[in-house]
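The file structure-v7.txt comes next; it holds compact mmCIF, C-alpha atoms.
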```
# COMPACT_ATOMS: atom_id res chain seq x y z
CA MET A 5 110.18 96.04 111.33
CA ILE A 6 107.74 98.43 113.01
CA ASN A 7 105.97 98.81 116.34
CA LYS A 8 103.25 101.11 117.68
CA ASN A 9 105.79 103.65 118.94
CA MET A 10 106.90 104.24 115.37
CA ILE A 11 103.48 105.42 114.26
CA ALA A 12 102.03 108.92 114.81
CA LEU A 13 98.61 109.81 113.47
CA ASN A 14 96.77 112.97 112.52
CA GLU A 15 99.45 115.37 113.66
CA ASP A 16 99.24 119.09 113.26
CA ILE A 17 102.38 120.01 111.30
CA SER A 18 102.68 122.73 108.70
CA THR A 19 105.99 122.41 106.82
CA ALA A 20 107.73 119.62 104.90
CA GLU A 21 110.89 120.00 106.96
CA GLU A 22 109.02 119.72 110.27
CA ALA A 23 107.18 116.66 108.99
CA ILE A 24 110.43 114.91 107.99
CA LYS A 25 111.90 115.79 111.41
CA ARG A 26 108.88 114.37 113.23
CA ALA A 27 108.88 111.13 111.24
CA GLY A 28 112.66 110.92 111.73
CA LYS A 29 112.25 111.38 115.48
CA LEU A 30 110.08 108.25 115.59
CA LEU A 31 112.99 106.31 114.07
CA LEU A 32 115.47 107.97 116.41
CA GLU A 33 113.47 107.23 119.59
CA ASN A 34 113.25 103.57 118.60
CA GLU A 35 116.97 103.36 117.88
CA TYR A 36 116.80 102.76 114.15
CA ILE A 37 118.94 105.79 113.35
CA THR A 38 121.19 108.41 114.92
CA GLU A 39 120.31 112.11 114.96
CA LYS A 40 122.57 112.69 111.95
CA TYR A 41 120.23 110.72 109.70
CA ILE A 42 117.38 113.19 110.29
CA HIS A 43 119.52 116.04 108.97
CA ALA A 44 120.62 113.86 106.06
CA MET A 45 116.96 113.18 105.12
CA ILE A 46 116.23 116.91 105.15
CA ASP A 47 119.36 117.62 103.09
CA THR A 48 118.37 114.98 100.54
CA TYR A 49 114.93 116.51 100.26
CA LYS A 50 116.40 120.00 99.79
CA LYS A 51 119.03 118.85 97.30
CA ASN A 52 117.05 116.45 95.14
CA GLY A 53 113.68 118.11 95.48
CA ALA A 54 110.30 116.61 95.93
CA TYR A 55 110.94 113.34 94.10
CA ILE A 56 110.46 111.69 97.51
CA VAL A 57 106.74 112.28 96.97
CA ILE A 58 106.49 109.06 94.99
CA ALA A 59 102.72 108.63 94.95
CA PRO A 60 99.71 110.89 95.48
CA LYS A 61 99.85 112.40 99.00
CA PHE A 62 102.72 110.03 99.92
CA ALA A 63 106.28 111.05 100.83
CA LEU A 64 109.16 108.64 101.49
CA PRO A 65 112.01 110.65 103.02
CA HIS A 66 115.27 108.74 103.43
CA ALA A 67 119.04 109.10 103.22
CA ARG A 68 122.01 106.81 102.72
CA PRO A 69 122.96 104.03 105.18
CA GLU A 70 126.26 105.68 106.08
CA ASN A 71 124.38 108.76 107.30
CA GLY A 72 123.48 107.09 110.60
CA VAL A 73 121.32 104.02 110.07
CA ILE A 74 121.43 101.51 112.93
CA LYS A 75 118.96 99.03 111.46
CA ALA A 76 116.50 98.86 108.58
CA GLY A 77 112.93 99.97 109.20
CA PHE A 78 110.39 102.73 108.76
CA SER A 79 108.10 105.04 110.70
CA ILE A 80 104.62 106.20 109.73
CA LEU A 81 103.25 109.72 110.21
CA THR A 82 99.88 110.98 109.01
CA LEU A 83 99.00 114.67 108.95
CA LYS A 84 95.85 116.48 109.91
CA ASN A 85 96.28 118.88 107.00
CA GLY A 86 98.09 118.21 103.73
CA ILE A 87 101.50 119.84 103.24
CA ASN A 88 102.98 120.97 99.93
CA PHE A 89 106.40 119.43 99.36
CA GLY A 90 106.81 121.04 95.95
CA ASN A 91 105.71 118.09 93.84
CA GLU A 92 103.14 119.40 91.38
CA GLU A 93 101.60 116.03 90.59
CA ASN A 94 101.39 114.41 94.01
CA ASP A 95 101.00 117.25 96.54
CA PRO A 96 99.60 117.82 99.13
CA VAL A 97 101.28 115.18 101.29
CA LYS A 98 99.19 113.51 104.01
CA LEU A 99 101.30 110.44 104.76
CA ILE A 100 105.00 110.25 105.47
CA VAL A 101 106.94 107.02 105.66
CA ALA A 102 110.47 107.76 106.87
CA LEU A 103 112.79 105.02 105.74
CA ALA A 104 115.90 103.90 107.63
CA ALA A 105 117.75 102.54 104.60
CA SER A 106 120.51 100.01 105.19
CA ASN A 107 122.57 97.84 102.87
CA SER A 108 121.20 94.66 104.39
CA ASP A 109 118.70 92.00 103.36
CA GLU A 110 116.35 93.55 105.92
CA HIS A 111 116.28 96.68 103.78
CA ILE A 112 115.11 94.64 100.79
CA GLN A 113 112.42 93.08 102.99
CA VAL A 114 111.30 96.51 104.19
CA ILE A 115 111.01 97.81 100.63
CA GLN A 116 109.19 94.66 99.57
CA LYS A 117 106.72 95.09 102.41
CA LEU A 118 106.10 98.76 101.57
CA THR A 119 105.66 97.94 97.88
CA THR A 120 103.14 95.18 98.62
CA VAL A 121 101.11 97.20 101.12
CA PHE A 122 101.01 100.50 99.26
CA SER A 123 100.29 98.91 95.87
CA ASP A 124 97.02 97.76 97.47
CA LYS A 125 94.54 100.63 97.23
CA GLU A 126 92.27 99.36 99.98
CA LYS A 127 95.09 98.96 102.50
CA THR A 128 96.57 102.31 101.53
CA ASN A 129 93.22 103.95 102.10
CA ILE A 130 92.94 102.54 105.61
CA ILE A 131 96.45 103.69 106.54
CA PHE A 132 95.70 107.21 105.27
CA ASN A 133 92.48 107.54 107.21
CA THR A 134 92.58 105.48 110.38
CA ASP A 135 93.15 106.86 113.86
CA ASN A 136 93.91 103.38 115.16
CA LYS A 137 97.57 102.34 115.22
CA ASP A 138 96.64 98.68 115.74
CA GLU A 139 94.84 98.68 112.43
CA ILE A 140 98.03 99.81 110.68
CA ILE A 141 100.18 97.26 112.50
CA LYS A 142 97.69 94.55 111.48
CA ILE A 143 97.95 95.51 107.80
CA LEU A 144 101.75 95.58 107.96
CA MET A 145 101.93 92.18 109.66
CA GLU A 146 99.78 90.48 107.03
CA GLU A 147 101.55 88.41 104.42
CA MET B 20 116.89 94.47 77.43
CA ASN B 21 118.61 96.54 80.12
CA VAL B 22 116.33 98.61 82.31
CA LEU B 23 117.30 101.14 84.97
CA THR B 24 114.98 102.46 87.63
CA VAL B 25 116.34 105.73 88.91
CA CYS B 26 115.93 107.89 92.02
CA GLY B 27 117.99 110.48 93.86
CA LEU B 28 120.00 108.08 96.03
CA GLY B 29 119.44 104.69 94.45
CA MET B 30 118.34 103.33 97.83
CA GLY B 31 114.62 103.48 98.39
CA THR B 32 112.29 104.72 95.74
CA SER B 33 114.21 103.26 92.80
CA LEU B 34 114.04 99.87 94.52
CA ILE B 35 110.25 100.13 94.88
CA LEU B 36 110.05 101.00 91.21
CA LYS B 37 112.40 98.14 90.31
CA MET B 38 110.22 95.59 92.12
CA ASN B 39 107.09 96.75 90.33
CA VAL B 40 108.70 97.11 86.88
CA GLU B 41 110.38 93.72 87.20
CA ASN B 42 107.12 92.01 88.13
CA ILE B 43 105.17 93.62 85.32
CA LEU B 44 107.80 92.75 82.71
CA LYS B 45 107.93 89.17 83.98
CA GLU B 46 104.13 88.85 83.95
CA ASN B 47 104.18 89.97 80.34
CA ASN B 48 107.03 87.65 79.35
CA VAL B 49 109.51 90.42 78.60
CA ASN B 50 113.06 89.30 79.19
CA ALA B 51 114.86 92.15 80.93
CA LYS B 52 117.53 92.87 83.49
CA VAL B 53 116.31 95.58 85.85
CA GLU B 54 118.77 97.52 88.00
CA HIS B 55 118.15 100.37 90.42
CA LEU B 56 120.52 103.33 90.54
CA ASP B 57 120.96 106.89 91.72
CA VAL B 58 120.51 109.58 89.13
CA SER B 59 124.16 110.63 88.76
CA THR B 60 125.39 107.05 88.23
CA ALA B 61 122.51 106.42 85.84
CA LYS B 62 123.62 109.32 83.64
CA SER B 63 126.75 107.45 82.61
CA THR B 64 125.25 103.95 82.54
CA ASN B 65 124.14 102.31 79.31
CA ALA B 66 120.56 101.13 79.20
CA ASP B 67 117.72 100.55 76.77
CA LEU B 68 115.07 101.92 79.06
CA ILE B 69 115.04 104.20 82.10
CA VAL B 70 112.07 104.49 84.46
CA THR B 71 112.04 107.49 86.80
CA SER B 72 109.99 110.39 88.18
CA ASN B 73 109.13 113.77 86.72
CA GLU B 74 111.33 115.47 89.33
CA LEU B 75 114.49 113.69 88.17
CA VAL B 76 113.96 113.29 84.44
CA LYS B 77 115.59 116.62 83.56
CA ASN B 78 118.87 115.30 85.00
CA LEU B 79 118.84 112.51 82.43
CA GLU B 80 118.54 114.71 79.35
CA GLY B 81 120.70 113.46 76.50
CA HIS B 82 120.71 109.84 77.67
CA LYS B 83 120.35 107.46 74.74
CA ALA B 84 117.81 105.24 76.49
CA GLN B 85 114.06 105.54 76.11
CA ILE B 86 112.72 107.23 79.22
CA ILE B 87 109.48 106.60 81.04
CA VAL B 88 108.18 108.98 83.71
CA ILE B 89 105.98 107.54 86.47
CA LYS B 90 103.79 109.63 88.74
CA ASN B 91 102.73 106.94 91.22
CA PHE B 92 105.46 104.37 91.90
CA PHE B 93 102.95 102.05 93.54
CA ASP B 94 100.45 102.08 90.67
CA LYS B 95 101.05 98.98 88.60
CA GLU B 96 98.37 100.00 86.10
CA GLU B 97 100.15 103.28 85.40
CA ILE B 98 103.48 101.48 84.96
CA LEU B 99 101.90 98.85 82.70
CA LYS B 100 100.29 101.52 80.55
CA ALA B 101 103.54 103.49 80.25
CA LEU B 102 105.41 100.34 79.18
CA LYS B 103 102.72 99.60 76.61
CA ASP B 104 102.82 103.16 75.26
CA LYS B 105 106.55 102.75 74.60
CA LYS B 106 105.87 99.37 72.97
CA ILE B 107 108.04 97.59 75.53
CA ILE B 108 105.11 95.26 76.20
```
Translate this file's structure into structure tokens.
Amino acid sequence: MINKNMIALNEDISTAEEAIKRAGKLLLENEYITEKYIHAMIDTYKKNGAYIVIAPKFALPHARPENGVIKAGFSILTLKNGINFGNEENDPVKLIVALAASNSDEHIQVIQKLTTVFSDKEKTNIIFNTDNKDEIIKILMEE
Amino acid sequence: MNVLTVCGLGMGTSLILKMNVENILKENNVNAKVEHLDVSTAKSTNADLIVTSNELVKNLEGHKAQIIVIKNFFDKEEILKALKDKKII
């Protein structure tokens, strides 16, 4: 579902678009998506607005499976400084989880995993603040 | 009761919301069918209750269903409170 190469921490990025691109690149480099999907995620963000900021400081950019998903998964990017995505209630964004959304059972498992982990305040807090990728992997591997 | 959770694409965030809404309704013994949809399909779909975000709610104006707006899709307490406020639970 995720490996260390799909996590980037404390990066210095200043716009929403750049942040989506960076998180998308982690998926691309690990062969979860094709390049097209990155553009599709940016288009979705531009078209539908900042609804992808679904929790305080948390953005979940994604697009549709037919836009270039190879397999279901997600990447994790944390930012040194918060970025405004245009969501009054939940800005500024500090954590980006880019989702490679497929139509498979794996997709359901990915969403289930994200829901379980990020509904847990303690775990969420660690992911937001750690500079240790292993710590994040450990949390994501737990049942 | 028919419930829709709605996001822009019907792929990711509406599914997160569906999982949480479904669990909360079940825990409180409310019998409901929860589906997740994209906002344009949801507009023309009958439902008793729609759960979505502030960013998308304006696209659902005129829908006959009761509408609940959630700020934090991962916050079960917020979702529970919103469902109680609408007397669903």
Separation of CA of Ser33 (chain B) from CA of His55 (chain B), in Å and rounded to one decimal: 5.4 Å
Coordinates-based distance that separates CA of Leu75 (chain B) from CA of Thr38 (chain A) (Å, one decimal): 28.1 Å
Distance filter 9 Å, all atoms listed in the file, chain A against chain B, as a PyMOL selection string: chain A and resi 48+52-60+64-69+91+93-94+103+105-107+111-112+115-116+118-120+122-125
For CA of Ser18 (chain A) and CA of Ile6 (chain A), the interatomic separation in Å (one decimal):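 So the answer is 25.2 Å.
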Long-range neighbours of Tyr36 (chain A) as an mmCIF file with C-alpha atoms, in the frame of the given file, 12 Å cut-off, all atoms listed in the file, 2 positions minimum in chain:
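This went into selection_25.cif:
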```cif
data_model
loop_
_atom_site.group_PDB
_atom_site.id
_atom_site.type_symbol
_atom_site.label_atom_id
_atom_site.label_comp_id
_atom_site.auth_asym_id
_atom_site.auth_seq_id
_atom_site.Cartn_x
_atom_site.Cartn_y
_atom_site.Cartn_z
ATOM 1 C CA MET A 5 110.180 96.040 111.330
ATOM 2 C CA ILE A 6 107.740 98.430 113.010
ATOM 3 C CA ASN A 7 105.970 98.810 116.340
ATOM 4 C CA MET A 10 106.900 104.240 115.370
ATOM 5 C CA ALA A 27 108.880 111.130 111.240
ATOM 6 C CA GLY A 28 112.660 110.920 111.730
ATOM 7 C CA LYS A 29 112.250 111.380 115.480
ATOM 8 C CA LEU A 30 110.080 108.250 115.590
ATOM 9 C CA LEU A 31 112.990 106.310 114.070
ATOM 10 C CA LEU A 32 115.470 107.970 116.410
ATOM 11 C CA GLU A 33 113.470 107.230 119.590
ATOM 12 C CA ASN A 34 113.250 103.570 118.600
ATOM 13 C CA THR A 38 121.190 108.410 114.920
ATOM 14 C CA GLU A 39 120.310 112.110 114.960
ATOM 15 C CA LYS A 40 122.570 112.690 111.950
ATOM 16 C CA TYR A 41 120.230 110.720 109.700
ATOM 17 C CA ILE A 42 117.380 113.190 110.290
ATOM 18 C CA PRO A 69 122.960 104.030 105.180
ATOM 19 C CA ASN A 71 124.380 108.760 107.300
ATOM 20 C CA GLY A 72 123.480 107.090 110.600
ATOM 21 C CA VAL A 73 121.320 104.020 110.070
ATOM 22 C CA ILE A 74 121.430 101.510 112.930
ATOM 23 C CA LYS A 75 118.960 99.030 111.460
ATOM 24 C CA ALA A 76 116.500 98.860 108.580
ATOM 25 C CA GLY A 77 112.930 99.970 109.200
ATOM 26 C CA PHE A 78 110.390 102.730 108.760
ATOM 27 C CA SER A 79 108.100 105.040 110.700
ATOM 28 C CA ALA A 102 110.470 107.760 106.870
ATOM 29 C CA LEU A 103 112.790 105.020 105.740
ATOM 30 C CA ALA A 104 115.900 103.900 107.630
ATOM 31 C CA ALA A 105 117.750 102.540 104.600
ATOM 32 C CA SER A 106 120.510 100.010 105.190
#
```
Region 42-54 of chain B surroundings by all atoms listed in the file, 9 Å radius, close-in-sequence under 2 positions cut, as a VMD selection string: chain B and resid 20 to 25 33 to 34 37 to 40 56 95 98 to 99 102 107 to 108
Saved selection, atoms kept: C-alpha atoms, as a CSV table (one decimal), in the coordinates of the input:
```csv
chain,number,residue,atom,x,y,z
B,20,MET,CA,116.9,94.5,77.4
B,21,ASN,CA,118.6,96.5,80.1
B,22,VAL,CA,116.3,98.6,82.3
B,23,LEU,CA,117.3,101.1,85.0
B,24,THR,CA,115.0,102.5,87.6
B,25,VAL,CA,116.3,105.7,88.9
B,33,SER,CA,114.2,103.3,92.8
B,34,LEU,CA,114.0,99.9,94.5
B,37,LYS,CA,112.4,98.1,90.3
B,38,MET,CA,110.2,95.6,92.1
B,39,ASN,CA,107.1,96.8,90.3
B,40,VAL,CA,108.7,97.1,86.9
B,56,LEU,CA,120.5,103.3,90.5
B,95,LYS,CA,101.0,99.0,88.6
B,98,ILE,CA,103.5,101.5,85.0
B,99,LEU,CA,101.9,98.8,82.7
B,102,LEU,CA,105.4,100.3,79.2
B,107,ILE,CA,108.0,97.6,75.5
B,108,ILE,CA,105.1,95.3,76.2
```
Exercise: region 135-144 of chain A partners within 9 Å, all atoms listed in the file, chain neighbours under 4 positions left out, as a short mmCIF file (atom, residue, chain, number, x, y, z; two decimals) with C-alpha atoms, keeping the file's coordinate frame:
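Ended up saving to around09.cif:
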```cif
data_model
loop_
_atom_site.label_atom_id
_atom_site.label_comp_id
_atom_site.auth_asym_id
_atom_site.auth_seq_id
_atom_site.Cartn_x
_atom_site.Cartn_y
_atom_site.Cartn_z
CA ILE A 6 107.74 98.43 113.01
CA ASN A 7 105.97 98.81 116.34
CA LYS A 8 103.25 101.11 117.68
CA ILE A 11 103.48 105.42 114.26
CA ALA A 12 102.03 108.92 114.81
CA LEU A 13 98.61 109.81 113.47
CA ASN A 14 96.77 112.97 112.52
CA LYS A 117 106.72 95.09 102.41
CA LEU A 118 106.10 98.76 101.57
CA VAL A 121 101.11 97.20 101.12
CA LYS A 127 95.09 98.96 102.50
CA ILE A 130 92.94 102.54 105.61
CA ILE A 131 96.45 103.69 106.54
#
```
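Among the candidate residues B:Ile87, B:Leu79, B:Asp67, B:Lys62, the one lying nearest to Lys103 (chain B) is B:Ile87, with distances computed using all atoms listed in the file.
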Lys98 (chain A) environment, 10 Å, only C-alpha atoms, sequence neighbours closer than 6 positions dropped, as a PyMOL selection string: chain A and resi 14-15+23+60-63+81-88+132-133
Quick one: region 64-89 of chain B with N, CA and C atoms, as a CSV table (one decimal), keeping the file's coordinate frame?
```
chain,number,residue,atom,x,y,z
B,64,THR,N,125.4,105.4,82.7
B,64,THR,CA,125.2,104.0,82.5
B,64,THR,C,124.4,103.6,81.3
B,65,ASN,N,124.9,102.7,80.5
B,65,ASN,CA,124.1,102.3,79.3
B,65,ASN,C,122.9,101.6,79.7
B,66,ALA,N,121.8,101.8,79.0
B,66,ALA,CA,120.6,101.1,79.2
B,66,ALA,C,119.7,101.3,78.0
B,67,ASP,N,118.7,100.4,77.9
B,67,ASP,CA,117.7,100.6,76.8
B,67,ASP,C,116.5,101.4,77.2
B,68,LEU,N,116.3,101.3,78.5
B,68,LEU,CA,115.1,101.9,79.1
B,68,LEU,C,115.4,102.4,80.5
B,69,ILE,N,114.9,103.7,80.7
B,69,ILE,CA,115.0,104.2,82.1
B,69,ILE,C,113.6,104.5,82.6
B,70,VAL,N,113.3,104.1,83.8
B,70,VAL,CA,112.1,104.5,84.5
B,70,VAL,C,112.4,105.4,85.7
B,71,THR,N,111.8,106.6,85.7
B,71,THR,CA,112.0,107.5,86.8
B,71,THR,C,110.9,108.4,87.0
B,72,SER,N,111.1,109.5,87.9
B,72,SER,CA,110.0,110.4,88.2
B,72,SER,C,110.2,111.7,87.4
B,73,ASN,N,109.1,112.5,87.4
B,73,ASN,CA,109.1,113.8,86.7
B,73,ASN,C,110.2,114.7,87.3
B,74,GLU,N,110.4,114.6,88.6
B,74,GLU,CA,111.3,115.5,89.3
B,74,GLU,C,112.8,115.2,88.9
B,75,LEU,N,113.1,114.0,88.5
B,75,LEU,CA,114.5,113.7,88.2
B,75,LEU,C,114.8,113.6,86.7
B,76,VAL,N,113.8,113.6,85.9
B,76,VAL,CA,114.0,113.3,84.4
B,76,VAL,C,114.8,114.3,83.8
B,77,LYS,N,114.8,115.6,84.2
B,77,LYS,CA,115.6,116.6,83.6
B,77,LYS,C,117.1,116.4,83.7
B,78,ASN,N,117.5,115.6,84.8
B,78,ASN,CA,118.9,115.3,85.0
B,78,ASN,C,119.4,114.2,84.1
B,79,LEU,N,118.5,113.6,83.3
B,79,LEU,CA,118.8,112.5,82.4
B,79,LEU,C,118.8,112.9,81.0
B,80,GLU,N,118.6,114.2,80.7
B,80,GLU,CA,118.5,114.7,79.4
B,80,GLU,C,119.8,114.3,78.6
B,81,GLY,N,119.6,113.8,77.3
B,81,GLY,CA,120.7,113.5,76.5
B,81,GLY,C,121.0,112.0,76.6
B,82,HIS,N,120.5,111.3,77.6
B,82,HIS,CA,120.7,109.8,77.7
B,82,HIS,C,120.1,109.1,76.5
B,83,LYS,N,120.8,108.1,76.0
B,83,LYS,CA,120.4,107.5,74.7
B,83,LYS,C,119.1,106.6,75.0
B,84,ALA,N,118.9,106.2,76.2
B,84,ALA,CA,117.8,105.2,76.5
B,84,ALA,C,116.4,105.9,76.3
B,85,GLN,N,115.4,105.1,76.0
B,85,GLN,CA,114.1,105.5,76.1
B,85,GLN,C,113.8,105.8,77.6
B,86,ILE,N,113.0,106.9,77.8
B,86,ILE,CA,112.7,107.2,79.2
B,86,ILE,C,111.2,107.2,79.5
B,87,ILE,N,110.9,106.6,80.6
B,87,ILE,CA,109.5,106.6,81.0
B,87,ILE,C,109.4,107.3,82.4
B,88,VAL,N,108.4,108.2,82.5
B,88,VAL,CA,108.2,109.0,83.7
B,88,VAL,C,106.9,108.4,84.4
B,89,ILE,N,107.1,108.1,85.7
B,89,ILE,CA,106.0,107.5,86.5
B,89,ILE,C,105.6,108.5,87.6
```
